[in-house]
Amino acid sequence: MQQVVLTIIGKDKVGIIAKVSCKLAEYNMNIININQNIMQGFFNMVLIAETDEATVSIKEAKEIFAKLGEEIGVEIRLQSADIFKAMHRI
């Protein structure tokens, strides 16, 4: 199963989760897990999505979600779950 990790950080506002989840659905990416919190007005979310049936490549998805982040005023980074795990191994 191919998975991606999205990290979303920015000032909290209405609709962040809705817009990200709608964009994932648009490209047939299934949400596996979400962990989010809000601390002193700052939104932080890590989302894992399965991409076996995605209609875009991971490279294309990175660009799509970076652009979405700009549009809604947050930073969105998307990367392969395998790369994310390798980079954050202790």
# chains A, B, ... in the order shown; residues from 1 in each chain; ligands from 1
$ residues_around --residues "Thr55 in chain A" --least-positions-apart "6" --cutoff "10 Å" --atoms "only C-alpha atoms" --output "list of chain:residue names"
A:Glu26, A:Tyr27, A:Asn28, A:Met29, A:Ala61
$ closest_residue --among "A:Ala25, A:Ile17, A:Ile9, A:Leu47" --to "Glu70 in chain A" --atoms "only C-alpha atoms"
A:Ile9
$ residues_around --residues "Gly69 in chain A" --least-positions-apart "6" --cutoff "12 Å" --atoms "only C-alpha atoms" --output "PyMOL selection string"
chain A and resi 6-11+15-17+19-20+23+62-63+75-78
$ closest_residue --among "A:Ile32, A:Ile38, A:Cys22, A:Leu68" --to "Glu50 in chain A" --atoms "only C-alpha atoms"
A:Ile32
$ select_by_dssp --residues "range 1-87 of chain A" --states "alpha helix (DSSP H)" --output "ChimeraX atom specification"
/A:16-26,58-72,81-87
$ write_last_selection --atoms "C-alpha atoms" --output "PDB file, in the first residue's frame"
ATOM      1  CA  ILE A  16      -8.801  23.878   6.700  1.00  0.00           C
ATOM      2  CA  ILE A  17      -9.691  20.225   7.252  1.00  0.00           C
ATOM      3  CA  ALA A  18     -12.670  20.457   4.875  1.00  0.00           C
ATOM      4  CA  LYS A  19     -10.603  21.892   2.026  1.00  0.00           C
ATOM      5  CA  VAL A  20      -7.741  19.421   2.463  1.00  0.00           C
ATOM      6  CA  SER A  21     -10.058  16.405   2.707  1.00  0.00           C
ATOM      7  CA  CYS A  22     -12.090  17.537  -0.325  1.00  0.00           C
ATOM      8  CA  LYS A  23      -8.888  17.905  -2.365  1.00  0.00           C
ATOM      9  CA  LEU A  24      -7.766  14.411  -1.297  1.00  0.00           C
ATOM     10  CA  ALA A  25     -11.132  12.991  -2.375  1.00  0.00           C
ATOM     11  CA  GLU A  26     -10.928  14.860  -5.695  1.00  0.00           C
ATOM     12  CA  ILE A  58       3.066  11.994  -5.678  1.00  0.00           C
ATOM     13  CA  LYS A  59       5.094  14.670  -7.478  1.00  0.00           C
ATOM     14  CA  GLU A  60       1.918  16.237  -8.894  1.00  0.00           C
ATOM     15  CA  ALA A  61       0.173  15.941  -5.510  1.00  0.00           C
ATOM     16  CA  LYS A  62       3.037  17.817  -3.811  1.00  0.00           C
ATOM     17  CA  GLU A  63       2.461  20.761  -6.147  1.00  0.00           C
ATOM     18  CA  ILE A  64      -1.331  20.598  -5.842  1.00  0.00           C
ATOM     19  CA  PHE A  65      -1.263  20.650  -2.041  1.00  0.00           C
ATOM     20  CA  ALA A  66       1.446  23.315  -1.822  1.00  0.00           C
ATOM     21  CA  LYS A  67      -0.768  25.513  -4.019  1.00  0.00           C
ATOM     22  CA  LEU A  68      -3.832  24.729  -1.897  1.00  0.00           C
ATOM     23  CA  GLY A  69      -1.863  25.748   1.188  1.00  0.00           C
ATOM     24  CA  GLU A  70      -1.031  29.102  -0.395  1.00  0.00           C
ATOM     25  CA  GLU A  71      -4.682  29.620  -1.286  1.00  0.00           C
ATOM     26  CA  ILE A  72      -5.941  28.976   2.249  1.00  0.00           C
ATOM     27  CA  ALA A  81       5.295   7.887   3.883  1.00  0.00           C
ATOM     28  CA  ASP A  82       8.425   5.789   3.288  1.00  0.00           C
ATOM     29  CA  ILE A  83      10.571   8.916   2.934  1.00  0.00           C
ATOM     30  CA  PHE A  84       8.877  10.553   5.925  1.00  0.00           C
ATOM     31  CA  LYS A  85       9.584   7.491   8.098  1.00  0.00           C
ATOM     32  CA  ALA A  86      13.222   7.350   6.958  1.00  0.00           C
ATOM     33  CA  MET A  87      13.760  11.032   7.713  1.00  0.00           C
TER      34      MET A  87
END
$ closest_residue --among "A:Ser80, A:Val74, A:Gln40, A:Asn30" --to "Asp52 in chain A" --atoms "only C-alpha atoms"
A:Asn30
$ atom_distance --atom1 "CA of Ile34 in chain A" --atom2 "CA of Asp12 in chain A"
16.2 Å
$ decode --residues "range 35-71 of chain A" --atoms "N, CA and C atoms" --output "PDB file, in the first residue's frame"
ATOM      1  N   ASN A  35      -4.129  13.354  12.813  1.00  0.00           N
ATOM      2  CA  ASN A  35      -3.826  13.830  14.153  1.00  0.00           C
ATOM      3  C   ASN A  35      -3.689  15.338  14.035  1.00  0.00           C
ATOM      4  N   GLN A  36      -4.548  16.065  14.744  1.00  0.00           N
ATOM      5  CA  GLN A  36      -4.488  17.521  14.647  1.00  0.00           C
ATOM      6  C   GLN A  36      -4.705  18.144  16.005  1.00  0.00           C
ATOM      7  N   ASN A  37      -4.120  19.325  16.164  1.00  0.00           N
ATOM      8  CA  ASN A  37      -4.353  20.080  17.380  1.00  0.00           C
ATOM      9  C   ASN A  37      -4.230  21.567  17.072  1.00  0.00           C
ATOM     10  N   ILE A  38      -4.741  22.346  18.013  1.00  0.00           N
ATOM     11  CA  ILE A  38      -4.675  23.802  17.910  1.00  0.00           C
ATOM     12  C   ILE A  38      -4.070  24.302  19.213  1.00  0.00           C
ATOM     13  N   MET A  39      -2.978  25.031  19.089  1.00  0.00           N
ATOM     14  CA  MET A  39      -2.299  25.573  20.259  1.00  0.00           C
ATOM     15  C   MET A  39      -2.152  27.077  20.075  1.00  0.00           C
ATOM     16  N   GLN A  40      -2.762  27.827  20.972  1.00  0.00           N
ATOM     17  CA  GLN A  40      -2.681  29.287  20.954  1.00  0.00           C
ATOM     18  C   GLN A  40      -2.980  29.871  19.572  1.00  0.00           C
ATOM     19  N   GLY A  41      -4.001  29.317  18.925  1.00  0.00           N
ATOM     20  CA  GLY A  41      -4.431  29.844  17.633  1.00  0.00           C
ATOM     21  C   GLY A  41      -3.696  29.296  16.426  1.00  0.00           C
ATOM     22  N   PHE A  42      -2.734  28.390  16.653  1.00  0.00           N
ATOM     23  CA  PHE A  42      -2.003  27.785  15.536  1.00  0.00           C
ATOM     24  C   PHE A  42      -2.483  26.365  15.296  1.00  0.00           C
ATOM     25  N   PHE A  43      -2.784  26.078  14.047  1.00  0.00           N
ATOM     26  CA  PHE A  43      -3.296  24.782  13.613  1.00  0.00           C
ATOM     27  C   PHE A  43      -2.126  23.905  13.191  1.00  0.00           C
ATOM     28  N   ASN A  44      -2.139  22.653  13.624  1.00  0.00           N
ATOM     29  CA  ASN A  44      -1.089  21.693  13.267  1.00  0.00           C
ATOM     30  C   ASN A  44      -1.761  20.348  13.000  1.00  0.00           C
ATOM     31  N   MET A  45      -1.515  19.784  11.823  1.00  0.00           N
ATOM     32  CA  MET A  45      -2.129  18.500  11.499  1.00  0.00           C
ATOM     33  C   MET A  45      -1.140  17.622  10.738  1.00  0.00           C
ATOM     34  N   VAL A  46      -1.139  16.347  11.071  1.00  0.00           N
ATOM     35  CA  VAL A  46      -0.423  15.336  10.305  1.00  0.00           C
ATOM     36  C   VAL A  46      -1.489  14.360   9.819  1.00  0.00           C
ATOM     37  N   LEU A  47      -1.514  14.138   8.524  1.00  0.00           N
ATOM     38  CA  LEU A  47      -2.528  13.296   7.903  1.00  0.00           C
ATOM     39  C   LEU A  47      -1.834  12.237   7.059  1.00  0.00           C
ATOM     40  N   ILE A  48      -2.284  10.999   7.168  1.00  0.00           N
ATOM     41  CA  ILE A  48      -1.753   9.917   6.344  1.00  0.00           C
ATOM     42  C   ILE A  48      -2.859   9.482   5.388  1.00  0.00           C
ATOM     43  N   ALA A  49      -2.522   9.410   4.108  1.00  0.00           N
ATOM     44  CA  ALA A  49      -3.493   9.009   3.090  1.00  0.00           C
ATOM     45  C   ALA A  49      -2.921   7.890   2.232  1.00  0.00           C
ATOM     46  N   GLU A  50      -3.801   7.000   1.821  1.00  0.00           N
ATOM     47  CA  GLU A  50      -3.443   5.888   0.946  1.00  0.00           C
ATOM     48  C   GLU A  50      -3.634   6.354  -0.492  1.00  0.00           C
ATOM     49  N   THR A  51      -2.650   6.035  -1.354  1.00  0.00           N
ATOM     50  CA  THR A  51      -2.669   6.584  -2.714  1.00  0.00           C
ATOM     51  C   THR A  51      -2.652   5.523  -3.819  1.00  0.00           C
ATOM     52  N   ASP A  52      -2.964   4.283  -3.479  1.00  0.00           N
ATOM     53  CA  ASP A  52      -2.915   3.222  -4.492  1.00  0.00           C
ATOM     54  C   ASP A  52      -3.812   3.510  -5.699  1.00  0.00           C
ATOM     55  N   GLU A  53      -4.930   4.190  -5.467  1.00  0.00           N
ATOM     56  CA  GLU A  53      -5.861   4.473  -6.565  1.00  0.00           C
ATOM     57  C   GLU A  53      -5.902   5.960  -6.916  1.00  0.00           C
ATOM     58  N   ALA A  54      -4.881   6.700  -6.496  1.00  0.00           N
ATOM     59  CA  ALA A  54      -4.836   8.143  -6.770  1.00  0.00           C
ATOM     60  C   ALA A  54      -4.764   8.405  -8.269  1.00  0.00           C
ATOM     61  N   THR A  55      -5.347   9.513  -8.668  1.00  0.00           N
ATOM     62  CA  THR A  55      -5.377   9.880 -10.085  1.00  0.00           C
ATOM     63  C   THR A  55      -4.252  10.841 -10.460  1.00  0.00           C
ATOM     64  N   VAL A  56      -3.350  11.124  -9.507  1.00  0.00           N
ATOM     65  CA  VAL A  56      -2.167  11.955  -9.762  1.00  0.00           C
ATOM     66  C   VAL A  56      -0.961  11.281  -9.122  1.00  0.00           C
ATOM     67  N   SER A  57       0.224  11.623  -9.601  1.00  0.00           N
ATOM     68  CA  SER A  57       1.458  11.102  -9.012  1.00  0.00           C
ATOM     69  C   SER A  57       1.748  11.846  -7.706  1.00  0.00           C
ATOM     70  N   ILE A  58       2.667  11.315  -6.907  1.00  0.00           N
ATOM     71  CA  ILE A  58       3.066  11.994  -5.678  1.00  0.00           C
ATOM     72  C   ILE A  58       3.688  13.349  -6.015  1.00  0.00           C
ATOM     73  N   LYS A  59       4.481  13.404  -7.068  1.00  0.00           N
ATOM     74  CA  LYS A  59       5.094  14.670  -7.478  1.00  0.00           C
ATOM     75  C   LYS A  59       4.027  15.712  -7.803  1.00  0.00           C
ATOM     76  N   GLU A  60       3.009  15.314  -8.561  1.00  0.00           N
ATOM     77  CA  GLU A  60       1.918  16.237  -8.894  1.00  0.00           C
ATOM     78  C   GLU A  60       1.150  16.647  -7.632  1.00  0.00           C
ATOM     79  N   ALA A  61       0.912  15.666  -6.744  1.00  0.00           N
ATOM     80  CA  ALA A  61       0.173  15.941  -5.510  1.00  0.00           C
ATOM     81  C   ALA A  61       0.912  16.946  -4.637  1.00  0.00           C
ATOM     82  N   LYS A  62       2.247  16.842  -4.582  1.00  0.00           N
ATOM     83  CA  LYS A  62       3.037  17.817  -3.811  1.00  0.00           C
ATOM     84  C   LYS A  62       2.733  19.236  -4.273  1.00  0.00           C
ATOM     85  N   GLU A  63       2.720  19.437  -5.578  1.00  0.00           N
ATOM     86  CA  GLU A  63       2.461  20.761  -6.147  1.00  0.00           C
ATOM     87  C   GLU A  63       1.025  21.198  -5.895  1.00  0.00           C
ATOM     88  N   ILE A  64       0.084  20.289  -6.045  1.00  0.00           N
ATOM     89  CA  ILE A  64      -1.331  20.598  -5.842  1.00  0.00           C
ATOM     90  C   ILE A  64      -1.573  21.055  -4.401  1.00  0.00           C
ATOM     91  N   PHE A  65      -1.006  20.319  -3.446  1.00  0.00           N
ATOM     92  CA  PHE A  65      -1.263  20.650  -2.041  1.00  0.00           C
ATOM     93  C   PHE A  65      -0.462  21.866  -1.578  1.00  0.00           C
ATOM     94  N   ALA A  66       0.704  22.088  -2.139  1.00  0.00           N
ATOM     95  CA  ALA A  66       1.446  23.315  -1.822  1.00  0.00           C
ATOM     96  C   ALA A  66       0.633  24.529  -2.292  1.00  0.00           C
ATOM     97  N   LYS A  67       0.061  24.427  -3.479  1.00  0.00           N
ATOM     98  CA  LYS A  67      -0.768  25.513  -4.019  1.00  0.00           C
ATOM     99  C   LYS A  67      -2.018  25.708  -3.165  1.00  0.00           C
ATOM    100  N   LEU A  68      -2.660  24.625  -2.760  1.00  0.00           N
ATOM    101  CA  LEU A  68      -3.832  24.729  -1.897  1.00  0.00           C
ATOM    102  C   LEU A  68      -3.467  25.442  -0.601  1.00  0.00           C
ATOM    103  N   GLY A  69      -2.316  25.099  -0.036  1.00  0.00           N
ATOM    104  CA  GLY A  69      -1.863  25.748   1.188  1.00  0.00           C
ATOM    105  C   GLY A  69      -1.730  27.254   1.013  1.00  0.00           C
ATOM    106  N   GLU A  70      -1.154  27.664  -0.109  1.00  0.00           N
ATOM    107  CA  GLU A  70      -1.031  29.102  -0.395  1.00  0.00           C
ATOM    108  C   GLU A  70      -2.401  29.760  -0.474  1.00  0.00           C
ATOM    109  N   GLU A  71      -3.332  29.069  -1.115  1.00  0.00           N
ATOM    110  CA  GLU A  71      -4.682  29.620  -1.286  1.00  0.00           C
ATOM    111  C   GLU A  71      -5.403  29.808   0.045  1.00  0.00           C
TER     112      GLU A  71
END
